[in-house]
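The file entry.cif comes next; it holds mmCIF, C-alpha atoms.
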```
data_structure
loop_
_atom_site.group_PDB
_atom_site.id
_atom_site.type_symbol
_atom_site.label_atom_id
_atom_site.label_comp_id
_atom_site.auth_asym_id
_atom_site.auth_seq_id
_atom_site.Cartn_x
_atom_site.Cartn_y
_atom_site.Cartn_z
ATOM 1 C CA MET A 1 93.296 76.412 105.861
ATOM 2 C CA ARG A 2 93.948 77.926 109.298
ATOM 3 C CA VAL A 3 96.606 80.620 109.432
ATOM 4 C CA LEU A 4 98.071 82.527 112.380
ATOM 5 C CA LEU A 5 98.658 86.243 111.829
ATOM 6 C CA PRO A 6 99.901 89.187 113.903
ATOM 7 C CA ASP A 7 97.106 90.875 115.847
ATOM 8 C CA LEU A 8 97.149 94.148 113.942
ATOM 9 C CA PRO A 9 94.188 95.917 112.256
ATOM 10 C CA GLU A 10 95.731 95.600 108.798
ATOM 11 C CA PHE A 11 95.953 91.812 109.214
ATOM 12 C CA ARG A 12 92.517 91.494 110.843
ATOM 13 C CA ALA A 13 91.095 93.132 107.715
ATOM 14 C CA LEU A 14 92.141 90.032 105.755
ATOM 15 C CA SER A 15 89.222 88.221 107.400
ATOM 16 C CA HIS A 16 86.748 90.556 105.688
ATOM 17 C CA HIS A 17 86.113 89.641 102.079
ATOM 18 C CA ASP A 18 84.689 93.094 101.319
ATOM 19 C CA GLU A 19 88.030 94.601 102.417
ATOM 20 C CA GLY A 20 90.198 92.448 100.200
ATOM 21 C CA GLY A 21 90.178 89.322 102.323
ATOM 22 C CA VAL A 22 91.136 85.809 101.316
ATOM 23 C CA PRO A 23 88.261 83.333 100.819
ATOM 24 C CA GLY A 24 88.762 79.830 102.162
ATOM 25 C CA VAL A 25 91.223 80.826 104.879
ATOM 26 C CA THR A 26 90.436 80.916 108.593
ATOM 27 C CA PHE A 27 92.533 83.353 110.554
ATOM 28 C CA ASP A 28 93.566 83.548 114.175
ATOM 29 C CA HIS A 29 95.785 86.191 115.677
ATOM 30 C CA TYR A 30 98.679 86.156 118.089
ATOM 31 C CA THR A 31 100.040 88.993 120.192
ATOM 32 C CA ARG A 32 103.352 89.695 121.912
ATOM 33 C CA THR A 33 102.050 87.717 124.906
ATOM 34 C CA HIS A 34 99.435 85.285 123.547
ATOM 35 C CA VAL A 35 99.551 82.354 121.114
ATOM 36 C CA PRO A 36 96.225 80.784 120.020
ATOM 37 C CA ASP A 37 95.673 77.141 120.868
ATOM 38 C CA GLY A 38 95.297 74.373 118.338
ATOM 39 C CA PRO A 39 96.926 73.354 115.059
ATOM 40 C CA ALA A 40 97.496 75.642 112.084
ATOM 41 C CA ASP A 41 98.479 75.050 108.477
ATOM 42 C CA GLY A 42 100.612 78.150 108.234
ATOM 43 C CA MET A 43 101.889 81.190 110.048
ATOM 44 C CA VAL A 44 102.951 84.725 109.213
ATOM 45 C CA LEU A 45 105.746 85.569 111.605
ATOM 46 C CA TRP A 46 106.456 89.204 112.453
ATOM 47 C CA MET A 47 107.151 91.517 115.362
ATOM 48 C CA THR A 48 107.580 88.845 118.019
ATOM 49 C CA GLY A 49 110.066 88.280 120.791
ATOM 50 C CA PRO A 50 112.059 85.042 121.061
ATOM 51 C CA GLN A 51 109.742 83.348 123.583
ATOM 52 C CA ILE A 52 106.524 83.934 121.634
ATOM 53 C CA ARG A 53 108.344 83.047 118.407
ATOM 54 C CA ALA A 54 109.421 79.700 119.883
ATOM 55 C CA ARG A 55 105.841 78.957 120.968
ATOM 56 C CA LEU A 56 104.505 79.890 117.541
ATOM 57 C CA LEU A 57 106.998 77.662 115.763
ATOM 58 C CA ALA A 58 105.903 74.782 118.005
ATOM 59 C CA THR A 59 102.330 75.052 116.682
ATOM 60 C CA PRO A 60 101.222 71.556 115.570
ATOM 61 C CA GLY A 61 100.391 70.888 111.930
ATOM 62 C CA LEU A 62 102.516 73.624 110.388
ATOM 63 C CA LYS A 63 103.201 73.226 106.690
ATOM 64 C CA TRP A 64 104.734 76.647 106.002
ATOM 65 C CA VAL A 65 106.011 79.787 107.701
ATOM 66 C CA LEU A 66 106.207 83.213 106.078
ATOM 67 C CA THR A 67 108.520 85.565 107.946
ATOM 68 C CA LEU A 68 107.902 89.174 106.964
ATOM 69 C CA THR A 69 111.599 89.919 107.267
ATOM 70 C CA ALA A 70 114.467 89.663 104.827
ATOM 71 C CA GLY A 71 116.768 87.811 107.230
ATOM 72 C CA ILE A 72 115.923 84.316 108.434
ATOM 73 C CA ASP A 73 118.590 83.821 111.104
ATOM 74 C CA HIS A 74 115.931 84.233 113.845
ATOM 75 C CA VAL A 75 113.934 81.310 112.409
ATOM 76 C CA GLN A 76 116.528 78.812 111.274
ATOM 77 C CA GLY A 77 117.307 76.138 113.796
ATOM 78 C CA ALA A 78 113.838 76.469 115.331
ATOM 79 C CA LEU A 79 111.814 75.508 112.267
ATOM 80 C CA PRO A 80 110.204 72.060 112.579
ATOM 81 C CA PRO A 81 111.376 69.466 110.027
ATOM 82 C CA GLY A 82 109.501 69.528 106.741
ATOM 83 C CA VAL A 83 108.073 73.024 107.202
ATOM 84 C CA ALA A 84 108.580 75.284 104.180
ATOM 85 C CA LEU A 85 110.076 78.691 104.916
ATOM 86 C CA PHE A 86 109.421 81.879 102.950
ATOM 87 C CA ASN A 87 110.953 85.291 103.540
ATOM 88 C CA ALA A 88 109.848 88.767 102.461
ATOM 89 C CA SER A 89 112.963 90.549 101.294
ATOM 90 C CA ARG A 90 110.870 92.262 98.602
ATOM 91 C CA LEU A 91 108.926 94.005 101.384
ATOM 92 C CA HIS A 92 112.057 95.805 102.559
ATOM 93 C CA ASP A 93 114.398 96.147 99.568
ATOM 94 C CA ARG A 94 113.499 99.651 98.422
ATOM 95 C CA ALA A 95 113.296 101.218 101.876
ATOM 96 C CA VAL A 96 116.672 99.785 102.927
ATOM 97 C CA ALA A 97 118.270 101.020 99.701
ATOM 98 C CA VAL A 98 116.792 104.496 100.222
ATOM 99 C CA HIS A 99 118.023 104.518 103.829
ATOM 100 C CA ALA A 100 121.550 103.583 102.772
ATOM 101 C CA LEU A 101 121.587 106.310 100.133
ATOM 102 C CA SER A 102 120.215 108.831 102.639
ATOM 103 C CA GLY A 103 123.013 108.044 105.074
ATOM 104 C CA MET A 104 125.641 108.345 102.357
ATOM 105 C CA LEU A 105 124.336 111.712 101.192
ATOM 106 C CA ALA A 106 124.075 112.991 104.769
ATOM 107 C CA ALA A 107 127.650 111.929 105.494
ATOM 108 C CA ALA A 108 128.986 113.346 102.231
ATOM 109 C CA ARG A 109 127.442 116.727 102.995
ATOM 110 C CA GLY A 110 128.553 116.649 106.638
ATOM 111 C CA LEU A 111 125.003 116.883 107.968
ATOM 112 C CA HIS A 112 125.977 114.933 111.102
ATOM 113 C CA ARG A 113 128.620 117.544 111.902
ATOM 114 C CA PHE A 114 126.189 120.401 111.440
ATOM 115 C CA ARG A 115 123.514 118.670 113.493
ATOM 116 C CA ASP A 116 126.040 118.318 116.324
ATOM 117 C CA ALA A 117 126.941 121.983 115.922
ATOM 118 C CA GLN A 118 123.246 122.876 116.019
ATOM 119 C CA GLY A 119 122.987 121.085 119.349
ATOM 120 C CA ARG A 120 125.820 123.282 120.617
ATOM 121 C CA ARG A 121 124.146 126.372 119.094
ATOM 122 C CA HIS A 122 127.292 126.980 117.095
ATOM 123 C CA TRP A 123 127.513 128.280 113.496
ATOM 124 C CA ASP A 124 130.081 125.709 112.382
ATOM 125 C CA ALA A 125 130.734 126.998 108.865
ATOM 126 C CA PRO A 126 133.640 125.436 106.922
ATOM 127 C CA ALA A 127 136.847 127.440 107.160
ATOM 128 C CA LEU A 128 137.378 127.231 103.402
ATOM 129 C CA PRO A 129 135.026 126.724 100.440
ATOM 130 C CA GLY A 130 137.090 123.662 99.535
ATOM 131 C CA ASP A 131 136.506 121.842 102.843
ATOM 132 C CA SER A 132 137.537 118.302 101.941
ATOM 133 C CA ALA A 133 134.964 116.845 104.334
ATOM 134 C CA LEU A 134 132.102 118.192 102.194
ATOM 135 C CA THR A 135 131.714 116.172 99.025
ATOM 136 C CA THR A 136 129.164 114.666 96.677
ATOM 137 C CA LEU A 137 128.960 111.118 95.391
ATOM 138 C CA ASP A 138 129.955 112.176 91.906
ATOM 139 C CA GLY A 139 132.825 109.944 90.775
ATOM 140 C CA ALA A 140 132.915 108.058 94.088
ATOM 141 C CA ASN A 141 133.785 104.343 94.046
ATOM 142 C CA VAL A 142 130.966 102.550 95.857
ATOM 143 C CA VAL A 143 131.317 98.869 96.675
ATOM 144 C CA LEU A 144 128.145 96.976 97.541
ATOM 145 C CA TRP A 145 129.147 93.962 99.618
ATOM 146 C CA GLY A 146 126.219 91.640 99.120
ATOM 147 C CA TYR A 147 124.761 92.265 95.696
ATOM 148 C CA GLY A 148 121.176 91.042 95.799
ATOM 149 C CA HIS A 149 117.807 92.782 95.532
ATOM 150 C CA ILE A 150 118.771 95.636 97.873
ATOM 151 C CA GLY A 151 122.071 96.094 96.053
ATOM 152 C CA ARG A 152 120.364 96.377 92.688
ATOM 153 C CA ASN A 153 117.899 98.901 94.110
ATOM 154 C CA LEU A 154 120.744 100.923 95.603
ATOM 155 C CA GLU A 155 122.740 100.841 92.385
ATOM 156 C CA GLU A 156 119.718 102.260 90.566
ATOM 157 C CA LEU A 157 119.358 105.022 93.164
ATOM 158 C CA LEU A 158 123.062 105.867 92.969
ATOM 159 C CA ALA A 159 123.099 106.209 89.177
ATOM 160 C CA PRO A 160 121.892 109.853 89.047
ATOM 161 C CA HIS A 161 124.585 110.814 91.587
ATOM 162 C CA GLY A 162 127.446 109.810 89.308
ATOM 163 C CA ALA A 163 128.895 107.098 91.524
ATOM 164 C CA HIS A 164 130.848 104.142 90.139
ATOM 165 C CA VAL A 165 129.248 101.026 91.616
ATOM 166 C CA ARG A 166 130.757 97.570 91.922
ATOM 167 C CA GLY A 167 129.375 94.539 93.715
ATOM 168 C CA ILE A 168 130.965 91.826 95.847
ATOM 169 C CA ARG A 169 129.136 88.512 95.764
ATOM 170 C CA SER A 170 129.769 85.293 97.643
ATOM 171 C CA ALA A 171 131.487 83.922 94.520
ATOM 172 C CA THR A 172 133.831 86.911 94.164
ATOM 173 C CA PRO A 173 137.452 85.681 94.523
ATOM 174 C CA THR A 174 139.231 86.984 97.615
ATOM 175 C CA ASP A 175 141.925 88.822 95.666
ATOM 176 C CA GLU A 176 139.313 90.573 93.522
ATOM 177 C CA ARG A 177 137.276 91.438 96.601
ATOM 178 C CA ASP A 178 140.307 92.940 98.342
ATOM 179 C CA GLU A 179 141.183 94.971 95.255
ATOM 180 C CA LEU A 180 137.678 96.420 95.170
ATOM 181 C CA LEU A 181 137.886 97.301 98.861
ATOM 182 C CA ARG A 182 141.234 99.057 98.400
ATOM 183 C CA ALA A 183 139.735 101.320 95.732
ATOM 184 C CA ALA A 184 136.480 102.021 97.566
ATOM 185 C CA ASP A 185 135.374 105.415 98.817
ATOM 186 C CA TRP A 186 132.258 103.782 100.246
ATOM 187 C CA VAL A 187 131.648 100.190 101.316
ATOM 188 C CA VAL A 188 127.990 99.289 101.870
ATOM 189 C CA LEU A 189 127.312 96.082 103.798
ATOM 190 C CA LEU A 190 124.152 94.333 102.618
ATOM 191 C CA LEU A 191 125.010 90.844 103.857
ATOM 192 C CA PRO A 192 122.925 88.549 106.067
ATOM 193 C CA SER A 193 124.335 87.125 109.278
ATOM 194 C CA THR A 194 125.741 83.653 108.598
ATOM 195 C CA PRO A 195 128.695 81.664 109.951
ATOM 196 C CA ASP A 196 130.679 82.867 106.923
ATOM 197 C CA THR A 197 129.833 86.561 107.264
ATOM 198 C CA ARG A 198 130.014 87.204 110.999
ATOM 199 C CA GLY A 199 133.031 89.363 111.723
ATOM 200 C CA VAL A 200 133.881 89.659 108.029
ATOM 201 C CA VAL A 201 134.757 93.313 108.604
ATOM 202 C CA ASN A 202 137.611 93.236 111.100
ATOM 203 C CA ALA A 203 140.976 94.912 111.605
ATOM 204 C CA ASP A 204 142.449 93.187 108.547
ATOM 205 C CA THR A 205 139.520 94.226 106.351
ATOM 206 C CA LEU A 206 139.523 97.792 107.603
ATOM 207 C CA ALA A 207 143.265 98.026 106.944
ATOM 208 C CA LEU A 208 142.531 97.486 103.240
ATOM 209 C CA LEU A 209 140.403 100.621 103.011
ATOM 210 C CA LYS A 210 142.021 103.859 101.959
ATOM 211 C CA PRO A 211 142.104 106.782 104.406
ATOM 212 C CA GLY A 212 138.820 108.663 104.424
ATOM 213 C CA ALA A 213 136.670 105.768 103.169
ATOM 214 C CA TRP A 214 133.241 105.395 104.754
ATOM 215 C CA LEU A 215 131.503 102.200 105.843
ATOM 216 C CA VAL A 216 127.716 101.761 105.706
ATOM 217 C CA ASN A 217 126.058 98.824 107.459
ATOM 218 C CA VAL A 218 122.392 98.085 106.757
ATOM 219 C CA GLY A 219 122.891 94.319 106.945
ATOM 220 C CA ARG A 220 123.510 92.854 110.396
ATOM 221 C CA GLY A 221 125.505 94.272 113.281
ATOM 222 C CA ASN A 222 127.712 91.233 113.758
ATOM 223 C CA LEU A 223 129.167 91.567 110.264
ATOM 224 C CA ILE A 224 131.579 94.013 111.907
ATOM 225 C CA VAL A 225 133.984 93.428 114.790
ATOM 226 C CA THR A 226 132.904 96.470 116.763
ATOM 227 C CA ASP A 227 136.136 97.013 118.704
ATOM 228 C CA ASP A 228 138.097 97.025 115.443
ATOM 229 C CA LEU A 229 135.667 99.531 113.959
ATOM 230 C CA VAL A 230 135.980 101.856 116.956
ATOM 231 C CA THR A 231 139.772 101.716 116.695
ATOM 232 C CA ALA A 232 139.693 102.618 112.979
ATOM 233 C CA LEU A 233 137.274 105.474 113.614
ATOM 234 C CA ARG A 234 139.333 106.884 116.445
ATOM 235 C CA ASP A 235 142.711 106.724 114.723
ATOM 236 C CA GLY A 236 141.338 108.400 111.588
ATOM 237 C CA SER A 237 142.126 105.571 109.206
ATOM 238 C CA LEU A 238 138.398 105.315 108.459
ATOM 239 C CA GLY A 239 136.498 108.386 107.362
ATOM 240 C CA GLY A 240 133.357 107.391 109.196
ATOM 241 C CA ALA A 241 130.481 104.941 109.426
ATOM 242 C CA VAL A 242 126.731 104.970 108.823
ATOM 243 C CA LEU A 243 125.278 102.247 111.050
ATOM 244 C CA ASP A 244 121.665 101.129 111.141
ATOM 245 C CA VAL A 245 122.712 97.917 112.914
ATOM 246 C CA THR A 246 125.309 97.339 115.609
ATOM 247 C CA ASP A 247 126.854 94.613 117.711
ATOM 248 C CA PRO A 248 125.688 94.629 120.451
ATOM 249 C CA GLU A 249 122.199 95.828 119.619
ATOM 250 C CA PRO A 250 120.868 97.996 121.065
ATOM 251 C CA LEU A 251 124.092 99.728 122.036
ATOM 252 C CA PRO A 252 124.500 99.949 125.805
ATOM 253 C CA GLU A 253 124.680 103.338 127.472
ATOM 254 C CA GLY A 254 128.246 104.582 127.464
ATOM 255 C CA HIS A 255 129.328 102.675 124.360
ATOM 256 C CA PRO A 256 131.979 104.654 122.434
ATOM 257 C CA LEU A 257 129.980 104.601 119.188
ATOM 258 C CA TRP A 258 127.395 106.929 120.752
ATOM 259 C CA THR A 259 129.828 109.810 120.961
ATOM 260 C CA GLN A 260 132.024 109.138 117.934
ATOM 261 C CA PRO A 261 131.693 112.305 115.842
ATOM 262 C CA ASN A 262 132.180 110.524 112.492
ATOM 263 C CA VAL A 263 129.371 108.012 113.062
ATOM 264 C CA ILE A 264 125.717 108.319 112.019
ATOM 265 C CA LEU A 265 123.584 105.915 114.049
ATOM 266 C CA THR A 266 119.987 104.830 113.463
ATOM 267 C CA PRO A 267 118.187 102.187 115.585
ATOM 268 C CA HIS A 268 117.705 99.351 113.045
ATOM 269 C CA ILE A 269 114.954 101.184 111.179
ATOM 270 C CA ALA A 270 116.276 101.069 107.597
ATOM 271 C CA SER A 271 113.239 99.139 106.372
ATOM 272 C CA THR A 272 110.685 101.070 108.432
ATOM 273 C CA THR A 273 108.166 103.228 106.589
ATOM 274 C CA THR A 274 104.802 104.642 107.613
ATOM 275 C CA ASP A 275 103.036 102.123 105.390
ATOM 276 C CA LEU A 276 105.159 99.101 106.317
ATOM 277 C CA VAL A 277 102.399 97.194 108.149
ATOM 278 C CA THR A 278 99.925 97.889 105.348
ATOM 279 C CA ARG A 279 102.422 96.654 102.779
ATOM 280 C CA GLY A 280 103.096 93.589 104.933
ATOM 281 C CA ALA A 281 99.387 92.759 105.025
ATOM 282 C CA HIS A 282 99.104 93.194 101.250
ATOM 283 C CA LEU A 283 102.077 90.904 100.698
ATOM 284 C CA THR A 284 100.481 88.346 103.020
ATOM 285 C CA ARG A 285 97.213 88.503 101.089
ATOM 286 C CA ASP A 286 98.995 87.958 97.756
ATOM 287 C CA PHE A 287 100.990 85.101 99.282
ATOM 288 C CA LEU A 288 97.851 83.355 100.530
ATOM 289 C CA ILE A 289 96.041 83.814 97.214
ATOM 290 C CA ASP A 290 99.001 82.189 95.449
ATOM 291 C CA LEU A 291 98.761 79.233 97.830
ATOM 292 C CA GLN A 292 95.005 78.945 97.354
ATOM 293 C CA GLN A 293 95.443 78.948 93.579
ATOM 294 C CA GLY A 294 98.153 76.301 93.674
ATOM 295 C CA HIS A 295 100.995 78.673 92.745
ATOM 296 C CA GLU A 296 104.391 78.733 94.418
ATOM 297 C CA PRO A 297 104.627 82.087 96.252
ATOM 298 C CA ASP A 298 107.732 84.246 95.974
ATOM 299 C CA GLY A 299 110.385 84.039 98.656
ATOM 300 C CA ARG A 300 110.835 80.299 99.122
ATOM 301 C CA VAL A 301 114.040 79.669 101.067
ATOM 302 C CA THR A 302 115.907 76.733 99.593
ATOM 303 C CA ALA A 303 116.895 74.057 102.093
ATOM 304 C CA GLY A 304 120.407 74.668 103.359
ATOM 305 C CA ARG A 305 120.382 78.386 102.504
ATOM 306 C CA THR A 306 121.353 80.718 105.325
ATOM 307 C CA TYR A 307 119.528 83.728 103.856
#
```
As a first step, turn the structure in this file into C-alpha cells.
Amino acid sequence: MRVLLPDLPEFRALSHHDEGGVPGVTFDHYTRTHVPDGPADGMVLWMTGPQIRARLLATPGLKWVLTLTAGIDHVQGALPPGVALFNASRLHDRAVAVHALSGMLAAARGLHRFRDAQGRRHWDAPALPGDSALTTLDGANVVLWGYGHIGRNLEELLAPHGAHVRGIRSATPTDERDELLRAADWVVLLLPSTPDTRGVVNADTLALLKPGAWLVNVGRGNLIVTDDLVTALRDGSLGGAVLDVTDPEPLPEGHPLWTQPNVILTPHIASTTTDLVTRGAHLTRDFLIDLQQGHEPDGRVTAGRTY
C-alpha cells in the first residue's frame, strides 16, 4: 500500500519500523509546493493550500483520504467518486474545548480589559468591588450550539465551574432552540460550516440574546453574519465575543473587530498545541494499522454528511 503523507519529521518516522513505523506500507511525502508522481492507495491530508490540495486529490488510484482536521468542507466537492473520506475530530476535540473554556474564563474575569490597560500602562482597577463586568461561571447558563465530541468535552470542563449547560443539536426544534438562546449567558458555537449553518447567527438570532450575553465561536467564521455581530457589539446589546474564527479570515487590516474592546480574538488556533503534529502522526499510525488489520478506522464520514 502506497500512502502520501505530509513532509514532516514526525510523519517520516513512520517509515522506520524501529520508531513505531507501519510494516507493509510504502510512504511518499508531499510539501506545500511538491506532489509526488504516480498512483497512491491513500493519502493523509494536512497543512496544504488549495492548489496543492487539488493536485493531491487528483492522485490516481486513491481508495481513501484521511484529513487530519475536524471539518471536511475543504475536501467535499473535490473528492473523487468512490473514495472513502475519514476525518480526525478526535485529534482536536480536547484542545478546542480547553480553548473555548479559556476564552470564557478570560472574558468573565475581564482579562482582555486589563491587558488593554496594561498596553496603556494604566492601573485600571474596578471602581467598586461589585463591578458587574467581573464574574465567574458559577450559575451561568451556557448553551453549546453543536453538541458533539467537542461539546461533551467542554461540558465536562465546565462542570467544576458550576455552569448550567444545555446543548442545541440539529434535531432541536426551533422554538426550543430560541428559548435556550433567550436564557443563555454564554452561547458557544461548535458547528461546522454547511449550507444550513452559514449565517445562522444573524441580527434575528442576536436579538434573542439577553443584554450582556457573550458569544464564543470556535466553529467556523461564516456561522456568523459579521456585520450583524459588529452592530450588536457596538450598541451594547451583546456583552462581547470570543472569536477564534472570523468571516473574512484572516481579518483585513482596519476591520472593526480588531479594535472592539469587548472582543477577544485568536487566529484560528483553538486546536493548536505544541504536540499537535506528534499526535497527528500517532493517529495516522493507528489508522494505518487498523487498515492493515482489516478493521474499519474511526472517523469514517458517511456519504451525504456535511461534517
Fewer than 5 positions away in the same chain doesn't count, so skip those; otherwise give me all residues within 7 Å of region 67-69 of chain A, counting all atoms listed in the file, as an MDAnalysis selection string. chainID A and resid 44:46 86:89 280
At most 8 Å is the cut-off: for each residue in region 197-251 of chain A with any atom that close to an atom of region 175-193 of chain A, write down the nearest atom pair and the distance in Å rounded to one decimal, counting all atoms listed in the file, chain first then increasing number, as a Markdown table.
```
| residue | atom | partner | partner_atom | distance |
| --- | --- | --- | --- | --- |
| A:Thr197 | CA | A:Ser193 | CA | 5.9 |
| A:Arg198 | CA | A:Ser193 | CA | 5.9 |
| A:Leu208 | CA | A:Arg182 | CA | 5.3 |
| A:Leu209 | CA | A:Arg182 | CA | 4.9 |
| A:Lys210 | CA | A:Arg182 | CA | 6.0 |
| A:Gly212 | CA | A:Asp185 | CA | 7.3 |
| A:Ala213 | CA | A:Asp185 | CA | 4.6 |
| A:Trp214 | CA | A:Trp186 | CA | 4.9 |
| A:Leu215 | CA | A:Val187 | CA | 5.0 |
| A:Val216 | CA | A:Val188 | CA | 4.6 |
| A:Asn217 | CA | A:Leu189 | CA | 4.7 |
| A:Val218 | CA | A:Leu190 | CA | 5.9 |
| A:Gly219 | CA | A:Leu190 | CA | 4.5 |
| A:Arg220 | CA | A:Ser193 | CA | 5.9 |
| A:Asn222 | CA | A:Ser193 | CA | 7.0 |
| A:Leu223 | CA | A:Ser193 | CA | 6.6 |
```
Keeping only C-alpha atoms, take the residues you just selected and write them out as a CSV table (one decimal), in the frame of the given file.
```
chain,number,residue,atom,x,y,z
A,197,THR,CA,129.8,86.6,107.3
A,198,ARG,CA,130.0,87.2,111.0
A,208,LEU,CA,142.5,97.5,103.2
A,209,LEU,CA,140.4,100.6,103.0
A,210,LYS,CA,142.0,103.9,102.0
A,212,GLY,CA,138.8,108.7,104.4
A,213,ALA,CA,136.7,105.8,103.2
A,214,TRP,CA,133.2,105.4,104.8
A,215,LEU,CA,131.5,102.2,105.8
A,216,VAL,CA,127.7,101.8,105.7
A,217,ASN,CA,126.1,98.8,107.5
A,218,VAL,CA,122.4,98.1,106.8
A,219,GLY,CA,122.9,94.3,106.9
A,220,ARG,CA,123.5,92.9,110.4
A,222,ASN,CA,127.7,91.2,113.8
A,223,LEU,CA,129.2,91.6,110.3
```
Might you spell out which residues the PyMOL selection byres ((chain A and resi 292) around 10) would select in the displayed file, as a PyMOL selection string? chain A and resi 1+22-25+286-291+293-296
Mind dumping the selected residues with C-alpha atoms as a compact mmCIF listing (two decimals), in the coordinates of the input?
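Output file part_22.txt follows:
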```txt
# COMPACT_ATOMS: atom_id res chain seq x y z
CA MET A 1 93.30 76.41 105.86
CA VAL A 22 91.14 85.81 101.32
CA PRO A 23 88.26 83.33 100.82
CA GLY A 24 88.76 79.83 102.16
CA VAL A 25 91.22 80.83 104.88
CA ASP A 286 99.00 87.96 97.76
CA PHE A 287 100.99 85.10 99.28
CA LEU A 288 97.85 83.36 100.53
CA ILE A 289 96.04 83.81 97.21
CA ASP A 290 99.00 82.19 95.45
CA LEU A 291 98.76 79.23 97.83
CA GLN A 293 95.44 78.95 93.58
CA GLY A 294 98.15 76.30 93.67
CA HIS A 295 101.00 78.67 92.74
CA GLU A 296 104.39 78.73 94.42
```
With a distance cut-off of 12 Å and all atoms listed in the file, select the neighbouring residues of Asp235 (chain A), excluding the residue or stretch itself and same-chain residues fewer than 4 positions from it, and output the selection as a list of chain:residue names. A:Leu206, A:Ala207, A:Pro211, A:Gly212, A:Asp228, A:Leu229, A:Val230, A:Thr231, A:Gly239, A:Gly240, A:Gln260, A:Asn262
Contacts of Val143 (chain A) within 6 Å, all atoms listed in the file, excl. fewer than 2 positions in-chain, as a list in words: Val165, Arg166, Gly167 and Val187 of chain A
Ala171 (chain A) surroundings by all atoms listed in the file, 12 Å radius, close-in-sequence under 6 positions cut, as a list in words: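 Returned residues: Trp145, Gly146, Tyr147 and Arg177 of chain A.
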Report the distance between CA of Leu238 (chain A) and CA of Ala107 (chain A) in Å, rounded to one decimal place.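 Pair CA of Leu238 (chain A) / CA of Ala107 (chain A) returns 13.0 Å.
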Selection: 9 Å around Thr33 (chain A), only C-alpha atoms, excl. self and same-chain fewer than 2 positions, as a PyMOL selection string: chain A and resi 30-31+35+48+51-52
To verify the selection step, state as a PyMOL selection string which residues the PyMOL selection byres ((chain A and resi 59) around 10) yields on this input. chain A and resi 4+35-43+54-58+60-62+80
